[in-house]
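**Q** Structure: work_38.tsv, TSV, C-alpha atoms.
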```
chain	number	residue	atom	x	y	z
D	1	MET	CA	129.24	47.91	-72.07
D	2	SER	CA	130.49	50.26	-69.37
D	3	SER	CA	132.17	53.58	-70.08
D	4	ARG	CA	135.56	52.05	-69.32
D	5	SER	CA	137.83	51.54	-72.33
D	6	LYS	CA	137.88	47.78	-71.85
D	7	GLN	CA	135.07	45.31	-71.38
D	8	THR	CA	135.55	43.33	-68.16
D	9	ILE	CA	134.72	39.66	-68.52
D	10	LEU	CA	134.22	37.14	-65.73
D	11	LEU	CA	134.48	33.58	-66.99
D	12	VAL	CA	133.36	30.54	-65.01
D	13	GLY	CA	134.96	27.31	-66.22
D	14	ALA	CA	138.18	28.77	-67.59
D	15	THR	CA	140.20	25.59	-67.04
D	16	GLY	CA	137.93	23.44	-69.25
D	17	LYS	CA	138.28	23.00	-73.00
D	18	THR	CA	135.58	25.48	-74.03
D	19	GLY	CA	136.48	27.93	-71.28
D	20	SER	CA	140.20	27.94	-72.03
D	21	SER	CA	139.50	28.45	-75.75
D	22	ILE	CA	137.46	31.52	-74.87
D	23	VAL	CA	139.95	32.88	-72.33
D	24	ARG	CA	142.87	32.57	-74.76
D	25	ALA	CA	140.97	34.37	-77.52
D	26	LEU	CA	139.90	37.21	-75.23
D	27	ALA	CA	143.35	37.55	-73.68
D	28	LYS	CA	144.84	38.04	-77.16
D	29	GLN	CA	142.68	41.16	-77.47
D	30	SER	CA	143.88	42.83	-74.29
D	31	GLU	CA	143.10	46.24	-75.77
D	32	LYS	CA	139.40	45.29	-75.73
D	33	PHE	CA	138.99	42.89	-72.82
D	34	TYR	CA	140.11	42.46	-69.25
D	35	VAL	CA	139.49	38.83	-68.32
D	36	LYS	CA	138.92	37.43	-64.86
D	37	ALA	CA	138.23	33.78	-64.10
D	38	LEU	CA	136.32	32.36	-61.17
D	39	VAL	CA	137.77	28.98	-60.18
D	40	ARG	CA	137.50	26.71	-57.17
D	41	ALA	CA	140.37	26.94	-54.69
D	42	ALA	CA	141.39	23.36	-55.48
D	43	SER	CA	142.00	24.33	-59.11
D	44	LEU	CA	144.21	27.36	-58.52
D	45	GLU	CA	147.42	25.34	-58.72
D	46	LYS	CA	146.58	23.63	-62.00
D	47	PRO	CA	149.19	24.18	-64.75
D	48	ILE	CA	146.57	25.73	-67.03
D	49	VAL	CA	145.89	28.41	-64.40
D	50	GLN	CA	149.55	29.36	-64.42
D	51	GLU	CA	149.52	29.43	-68.22
D	52	LEU	CA	146.47	31.70	-68.33
D	53	LYS	CA	147.92	33.98	-65.66
D	54	SER	CA	150.90	34.50	-67.95
D	55	LEU	CA	148.44	35.82	-70.56
D	56	GLY	CA	147.22	38.48	-68.13
D	57	VAL	CA	144.13	36.69	-66.86
D	58	GLY	CA	143.14	37.48	-63.28
D	59	PHE	CA	141.87	34.68	-61.04
D	60	ILE	CA	139.32	34.73	-58.23
D	61	SER	CA	138.82	31.83	-55.84
D	62	GLY	CA	135.14	30.99	-55.71
D	63	ASP	CA	132.39	28.47	-56.36
D	64	ILE	CA	129.03	29.21	-57.99
D	65	VAL	CA	127.38	26.43	-55.98
D	66	GLU	CA	128.96	26.90	-52.54
D	67	ASP	CA	129.39	30.69	-52.42
D	68	SER	CA	126.55	32.88	-51.15
D	69	GLN	CA	124.77	35.17	-53.57
D	70	ALA	CA	126.24	38.17	-51.75
D	71	THR	CA	129.74	36.77	-52.27
D	72	LEU	CA	129.03	36.18	-55.95
D	73	GLU	CA	127.71	39.72	-56.31
D	74	ASN	CA	130.98	40.99	-54.87
D	75	HIS	CA	132.92	38.92	-57.43
D	76	LEU	CA	130.80	40.54	-60.16
D	77	LYS	CA	131.48	44.15	-59.17
D	78	ASP	CA	132.31	46.21	-62.29
D	79	VAL	CA	131.94	43.16	-64.57
D	80	ASP	CA	130.35	43.79	-67.97
D	81	THR	CA	129.84	40.23	-69.19
D	82	VAL	CA	129.63	36.88	-67.42
D	83	ILE	CA	130.38	33.73	-69.45
D	84	ILE	CA	129.65	30.31	-67.96
D	85	THR	CA	131.18	27.21	-69.55
D	86	THR	CA	130.98	24.71	-66.69
D	87	VAL	CA	128.81	21.65	-67.32
D	88	PRO	CA	125.53	22.17	-65.42
D	89	PHE	CA	125.25	18.76	-63.74
D	90	GLN	CA	122.73	19.99	-61.18
D	91	PRO	CA	119.33	21.56	-61.91
D	92	ASN	CA	119.37	25.32	-61.39
D	93	GLN	CA	123.15	25.23	-60.85
D	94	GLN	CA	123.63	28.60	-62.56
D	95	ASP	CA	120.64	30.42	-61.07
D	96	LYS	CA	122.39	31.96	-58.05
D	97	LEU	CA	125.17	33.39	-60.21
D	98	ILE	CA	122.65	34.65	-62.76
D	99	LEU	CA	120.65	36.50	-60.08
D	100	ALA	CA	123.89	37.87	-58.65
D	101	ALA	CA	124.74	39.16	-62.12
D	102	LYS	CA	121.40	40.96	-62.29
D	103	ASN	CA	121.91	42.58	-58.88
D	104	ALA	CA	125.45	43.60	-59.85
D	105	ASN	CA	124.16	45.25	-63.05
D	106	VAL	CA	126.11	42.97	-65.36
D	107	LYS	CA	125.39	43.98	-68.95
D	108	ARG	CA	125.26	40.51	-70.49
D	109	VAL	CA	125.08	36.91	-69.27
D	110	VAL	CA	126.21	34.03	-71.50
D	111	PRO	CA	125.06	30.84	-69.75
D	112	SER	CA	126.47	27.37	-70.26
D	113	ASP	CA	125.43	26.06	-73.68
D	114	PHE	CA	128.03	25.83	-76.45
D	115	GLY	CA	126.36	22.69	-77.83
D	116	PRO	CA	124.21	21.65	-80.79
D	117	SER	CA	120.95	23.07	-82.01
D	118	ALA	CA	118.05	20.81	-81.11
D	119	PRO	CA	114.28	21.26	-80.91
D	120	PRO	CA	112.48	20.83	-77.58
D	121	GLY	CA	112.28	17.20	-76.53
D	122	ALA	CA	115.17	15.97	-78.66
D	123	MET	CA	117.75	16.01	-75.87
D	124	LYS	CA	116.94	16.03	-72.16
D	125	TYR	CA	120.31	17.62	-71.42
D	126	GLN	CA	119.61	20.40	-73.93
D	127	ASP	CA	116.12	20.87	-72.45
D	128	SER	CA	117.74	21.49	-69.04
D	129	LYS	CA	119.74	24.32	-70.61
D	130	VAL	CA	116.53	25.78	-72.02
D	131	VAL	CA	115.13	25.89	-68.46
D	132	THR	CA	118.07	28.11	-67.51
D	133	GLN	CA	117.51	30.27	-70.59
D	134	GLU	CA	113.87	30.76	-69.63
D	135	PHE	CA	114.94	31.64	-66.08
D	136	ILE	CA	117.16	34.39	-67.51
D	137	LYS	CA	114.36	35.75	-69.68
D	138	GLN	CA	111.82	35.68	-66.84
D	139	HIS	CA	114.14	37.82	-64.71
D	140	ASN	CA	114.75	40.32	-67.54
D	141	ILE	CA	118.49	39.73	-67.55
D	142	PRO	CA	120.34	40.72	-70.73
D	143	TYR	CA	121.77	37.62	-72.37
D	144	THR	CA	123.29	35.91	-75.35
D	145	PHE	CA	122.92	32.17	-75.92
D	146	ILE	CA	125.69	30.62	-78.02
D	147	GLN	CA	125.42	27.31	-79.88
D	148	VAL	CA	128.48	25.81	-81.60
D	149	GLY	CA	127.09	22.58	-83.07
D	150	THR	CA	129.72	19.98	-82.28
D	151	TRP	CA	133.49	20.37	-82.09
D	152	ALA	CA	135.10	19.36	-85.36
D	153	ASN	CA	137.63	17.08	-83.64
D	154	LEU	CA	134.88	15.00	-82.02
D	155	MET	CA	133.76	13.69	-85.41
D	156	PHE	CA	137.06	12.07	-86.43
D	157	PRO	CA	137.73	8.40	-85.67
D	158	ALA	CA	140.64	7.81	-83.34
D	159	PRO	CA	143.63	6.07	-84.97
D	160	HIS	CA	144.08	2.35	-84.42
D	161	SER	CA	146.90	3.12	-81.98
D	162	ALA	CA	144.28	4.68	-79.66
D	163	LYS	CA	141.42	2.20	-79.92
D	164	ASP	CA	140.62	2.66	-76.24
D	165	SER	CA	139.21	6.04	-77.31
D	166	PRO	CA	135.40	6.32	-77.48
D	167	GLN	CA	135.78	7.81	-80.97
D	168	ILE	CA	135.73	4.48	-82.81
D	169	VAL	CA	132.04	4.27	-83.73
D	170	PHE	CA	130.30	5.26	-86.96
D	171	TYR	CA	126.70	6.25	-86.38
D	172	GLY	CA	123.71	5.90	-88.67
D	173	SER	CA	123.74	6.05	-92.45
D	174	GLY	CA	126.55	8.61	-92.60
D	175	ASP	CA	124.64	10.94	-94.92
D	176	VAL	CA	123.19	13.38	-92.34
D	177	LYS	CA	124.80	16.82	-92.29
D	178	THR	CA	125.77	18.31	-88.94
D	179	ALA	CA	127.19	21.73	-88.05
D	180	TYR	CA	130.60	21.95	-86.43
D	181	THR	CA	132.95	24.57	-84.99
D	182	GLY	CA	136.66	24.08	-84.40
D	183	LEU	CA	137.29	24.15	-80.65
D	184	GLU	CA	140.09	26.66	-81.13
D	185	ARG	CA	137.63	28.94	-82.98
D	186	VAL	CA	134.95	28.99	-80.29
D	187	GLY	CA	136.82	31.72	-78.46
D	188	GLU	CA	137.23	33.80	-81.61
D	189	PHE	CA	133.48	33.70	-82.21
D	190	VAL	CA	132.73	34.57	-78.58
D	191	ALA	CA	135.01	37.62	-78.72
D	192	ARG	CA	133.05	38.90	-81.71
D	193	ILE	CA	129.64	38.03	-80.30
D	194	ILE	CA	130.01	39.70	-76.89
D	195	SER	CA	131.23	42.89	-78.55
D	196	ASP	CA	128.21	43.05	-80.87
D	197	GLU	CA	125.02	44.82	-79.81
D	198	ARG	CA	123.11	42.89	-82.50
D	199	THR	CA	123.53	39.69	-80.47
D	200	LEU	CA	122.10	41.06	-77.23
D	201	ASN	CA	119.06	39.03	-76.15
D	202	LYS	CA	119.59	36.66	-79.07
D	203	THR	CA	120.78	33.11	-79.74
D	204	VAL	CA	123.77	32.80	-82.07
D	205	GLN	CA	124.77	29.70	-84.04
D	206	THR	CA	128.51	29.50	-84.74
D	207	TYR	CA	129.99	27.10	-87.26
D	208	ASP	CA	132.97	26.49	-89.48
D	209	GLY	CA	130.89	24.28	-91.74
D	210	GLU	CA	128.53	21.36	-92.07
D	211	ALA	CA	129.50	17.82	-93.04
D	212	THR	CA	128.21	14.27	-93.01
D	213	LEU	CA	129.94	11.57	-91.03
D	214	SER	CA	130.84	9.80	-94.28
D	215	GLU	CA	132.58	12.95	-95.52
D	216	VAL	CA	134.42	13.36	-92.22
D	217	TRP	CA	135.65	9.76	-92.11
D	218	ALA	CA	136.77	9.92	-95.75
D	219	ILE	CA	138.90	12.94	-94.88
D	220	ALA	CA	140.16	11.09	-91.80
D	221	SER	CA	141.33	8.16	-93.94
D	222	LYS	CA	143.02	10.47	-96.42
D	223	VAL	CA	144.86	12.47	-93.76
D	224	SER	CA	145.78	9.61	-91.42
D	225	GLY	CA	146.45	6.99	-94.09
D	226	GLU	CA	144.31	4.52	-92.13
D	227	ASN	CA	141.25	2.51	-93.15
D	228	PHE	CA	138.52	2.61	-90.51
D	229	ASP	CA	136.15	0.07	-92.05
D	230	ASP	CA	136.81	-2.32	-89.13
D	231	TYR	CA	135.40	0.13	-86.59
D	232	THR	CA	132.00	-0.44	-84.97
D	233	ARG	CA	128.93	0.81	-86.79
D	234	LEU	CA	125.65	1.52	-85.01
D	235	SER	CA	122.45	1.90	-87.01
D	236	ALA	CA	119.80	4.48	-86.21
D	237	GLN	CA	117.73	1.71	-84.63
D	238	GLU	CA	120.64	0.60	-82.44
D	239	VAL	CA	121.27	4.16	-81.29
D	240	LYS	CA	117.58	4.59	-80.45
D	241	ALA	CA	117.64	1.36	-78.43
D	242	LYS	CA	120.46	2.70	-76.24
D	243	ILE	CA	118.45	5.78	-75.25
D	244	GLY	CA	116.84	5.05	-71.90
D	245	GLU	CA	119.25	2.30	-70.82
D	246	SER	CA	120.65	4.62	-68.14
D	247	PRO	CA	120.82	8.39	-67.51
D	248	LEU	CA	124.35	8.51	-68.94
D	249	SER	CA	123.43	6.40	-71.95
D	250	THR	CA	120.43	8.63	-72.61
D	251	THR	CA	122.58	11.77	-72.53
D	252	ILE	CA	125.20	10.29	-74.87
D	253	TYR	CA	122.88	8.73	-77.43
D	254	GLU	CA	120.38	11.56	-77.58
D	255	TYR	CA	123.39	13.71	-78.45
D	256	VAL	CA	124.48	11.19	-81.10
D	257	ARG	CA	120.95	11.05	-82.52
D	258	THR	CA	120.75	14.84	-82.78
D	259	LEU	CA	124.13	15.13	-84.51
D	260	PHE	CA	124.19	12.17	-86.87
D	261	ILE	CA	120.72	10.69	-87.30
D	262	SER	CA	117.82	13.12	-86.91
D	263	GLY	CA	119.51	16.02	-88.71
D	264	ASP	CA	118.59	18.54	-85.99
D	265	ASN	CA	122.03	20.13	-85.79
D	266	THR	CA	122.12	22.21	-88.96
D	267	VAL	CA	122.40	25.94	-89.44
D	268	GLU	CA	119.10	26.01	-91.31
D	269	ASN	CA	117.30	24.38	-88.39
D	270	ALA	CA	119.02	26.65	-85.86
D	271	VAL	CA	117.93	29.74	-87.76
D	272	ALA	CA	114.39	28.35	-88.05
D	273	LEU	CA	114.37	28.07	-84.25
D	274	GLY	CA	115.36	31.73	-83.96
D	275	ALA	CA	119.17	31.73	-83.90
D	276	LEU	CA	121.30	34.29	-85.72
D	277	ASP	CA	123.71	32.88	-88.31
D	278	SER	CA	127.25	33.82	-87.20
D	279	ARG	CA	128.58	33.73	-90.74
D	280	VAL	CA	125.96	36.26	-91.82
D	281	LEU	CA	126.87	38.45	-88.87
D	282	TYR	CA	130.62	38.15	-89.59
D	283	PRO	CA	131.12	37.65	-93.34
D	284	ASP	CA	134.88	38.31	-92.98
D	285	TYR	CA	135.33	35.20	-90.82
D	286	VAL	CA	137.62	32.64	-92.46
D	287	PRO	CA	136.38	29.13	-91.55
D	288	LEU	CA	138.57	26.20	-90.67
D	289	ARG	CA	138.81	23.52	-93.32
D	290	LEU	CA	138.00	19.99	-92.19
D	291	GLU	CA	141.26	18.77	-93.71
D	292	ASP	CA	143.20	21.16	-91.47
D	293	CYS	CA	141.17	20.05	-88.46
D	294	ALA	CA	142.01	16.44	-89.29
D	295	ARG	CA	145.74	17.17	-89.62
D	296	GLU	CA	145.73	18.84	-86.21
D	297	PHE	CA	143.73	15.98	-84.68
D	298	TYR	CA	146.00	13.18	-85.93
D	299	SER	CA	149.21	15.12	-85.29
D	300	ARG	CA	148.50	14.85	-81.56
D	301	PHE	CA	148.68	11.08	-81.76
D	302	ASP	CA	151.87	11.29	-83.82
D	303	GLU	CA	153.46	13.40	-81.07
D	304	VAL	CA	152.56	10.76	-78.48
D	305	LYS	CA	154.10	8.00	-80.60
D	306	ALA	CA	157.26	10.05	-81.13
D	307	TYR	CA	157.55	10.61	-77.40
```
Could I get this structure in the form of structure tokens?
**A**
Amino acid sequence: MSSRSKQTILLVGATGKTGSSIVRALAKQSEKFYVKALVRAASLEKPIVQELKSLGVGFISGDIVEDSQATLENHLKDVDTVIITTVPFQPNQQDKLILAAKNANVKRVVPSDFGPSAPPGAMKYQDSKVVTQEFIKQHNIPYTFIQVGTWANLMFPAPHSAKDSPQIVFYGSGDVKTAYTGLERVGEFVARIISDERTLNKTVQTYDGEATLSEVWAIASKVSGENFDDYTRLSAQEVKAKIGESPLSTTIYEYVRTLFISGDNTVENAVALGALDSRVLYPDYVPLRLEDCAREFYSRFDEVKAY
């Protein structure tokens, strides 16, 4: 970190779910962080931008794909840490910004990841992120890679009042544990991680806990008062059959397989692959309970009904 009293953060993707979670958490610690966000000009009038500005976040109009490397280097002047949360739809989408960060002497780059732990070959989308990670290492750029498992709220079945939601499918046997982090806690973990020299040039696995899909859906029934036995169930064989049907289907169902069928996404497996255990690093962290996550998840649908 620089000699300045605050660490200056440039975040790319601040208006997305992961990005806004991180920005809000960092902005709450204004004594430690000054946060800037790089957003496309078309996004500057979004309501969330106005909300984040009210928290003291500075905004820069820019685009990591369209801007020149020289322009990106100018955006990165005096920045300590770059965090990227945009979805890398294009191969090498982050490379120009990463090289700009090196030339601007940025102290740490956190590339787009924030997903599950998976071994090579398990998920093509995850493998594309590994290509970016190797690019960073090859160019001797200081980094931290952050994995969050899955968001807790993505495991709950949608209520019957919202059956147009994609969250109405039970996958596999239901007895495979998977690691999860509450979306609202991703930012809290990131604030700790980027302030910690132990995480420099390391991968970190964050998590609030691990649970099977059967455990999650049992909690969902208890909290919501609904029975979800009528929802679609896909066996491991049916999930496997959907992989390869199309690029989108492959991305979705490789993700499903990793989380709920193959058992890749556990803390034990992440550590075996070289990740640091966030709960070992931060033993004072108080994890979210799944029951509380469920109450928050279903309360959103109650608010819509009340409206």
**Q** Could the residues of segment 192-276 of chain D that have an atom at most 8 Å from segment 138-157 of chain D be listed as CSV, each with its closest atom pair and the distance in Å to one decimal, counting all atoms listed in the file and ordered by chain and ascending residue number?
**A**
```
residue,atom,partner,partner_atom,distance
D:Ile194,CA,D:Thr144,CA,7.9
D:Thr199,CA,D:Thr144,CA,6.4
D:Leu200,CA,D:Thr144,CA,5.6
D:Asn201,CA,D:Tyr143,CA,4.9
D:Lys202,CA,D:Thr144,CA,5.3
D:Thr203,CA,D:Phe145,CA,4.5
D:Val204,CA,D:Ile146,CA,5.0
D:Gln205,CA,D:Gln147,CA,4.8
D:Thr206,CA,D:Val148,CA,4.8
D:Tyr207,CA,D:Val148,CA,6.0
D:Leu213,CA,D:Met155,CA,7.1
D:Val216,CA,D:Phe156,CA,6.5
D:Trp217,CA,D:Phe156,CA,6.3
D:Ala220,CA,D:Phe156,CA,6.3
D:Phe228,CA,D:Pro157,CA,7.6
D:Leu259,CA,D:Thr150,CA,7.7
D:Asn265,CA,D:Gly149,CA,6.2
D:Thr266,CA,D:Gly149,CA,7.7
```
**Q** Neighbouring residues of Ala218 of chain D were defined as those with any atom within 12 Å, considering all atoms listed in the file; residues of the same chain fewer than 6 positions away were excluded. Please report them as a VMD selection string.
**A** chain D and resid 155 to 157 170 174 211 to 212 224 to 229 290 to 291 294
**Q** With only C-alpha atoms as the atoms that count, which of D:Pro283, D:Lys124, D:Asp196, D:Leu55 lies nearest to Pro247 of chain D?
**A**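 For Pro247 of chain D, the nearest of the candidates is D:Lys124.
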**Q** My list of candidates is D:Phe33, D:Phe189, D:Phe135, D:Tyr171. Which is closest to Val109 of chain D when distances are computed with all atoms listed in the file?
**A** D:Phe135
**Q** Calculate how many Å separate atom CA of Ala37 of chain D from atom CA of Val12 of chain D, rounding to one decimal.
**A**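 Computed distance, atom CA of Ala37 of chain D to atom CA of Val12 of chain D, equals 5.9 Å.
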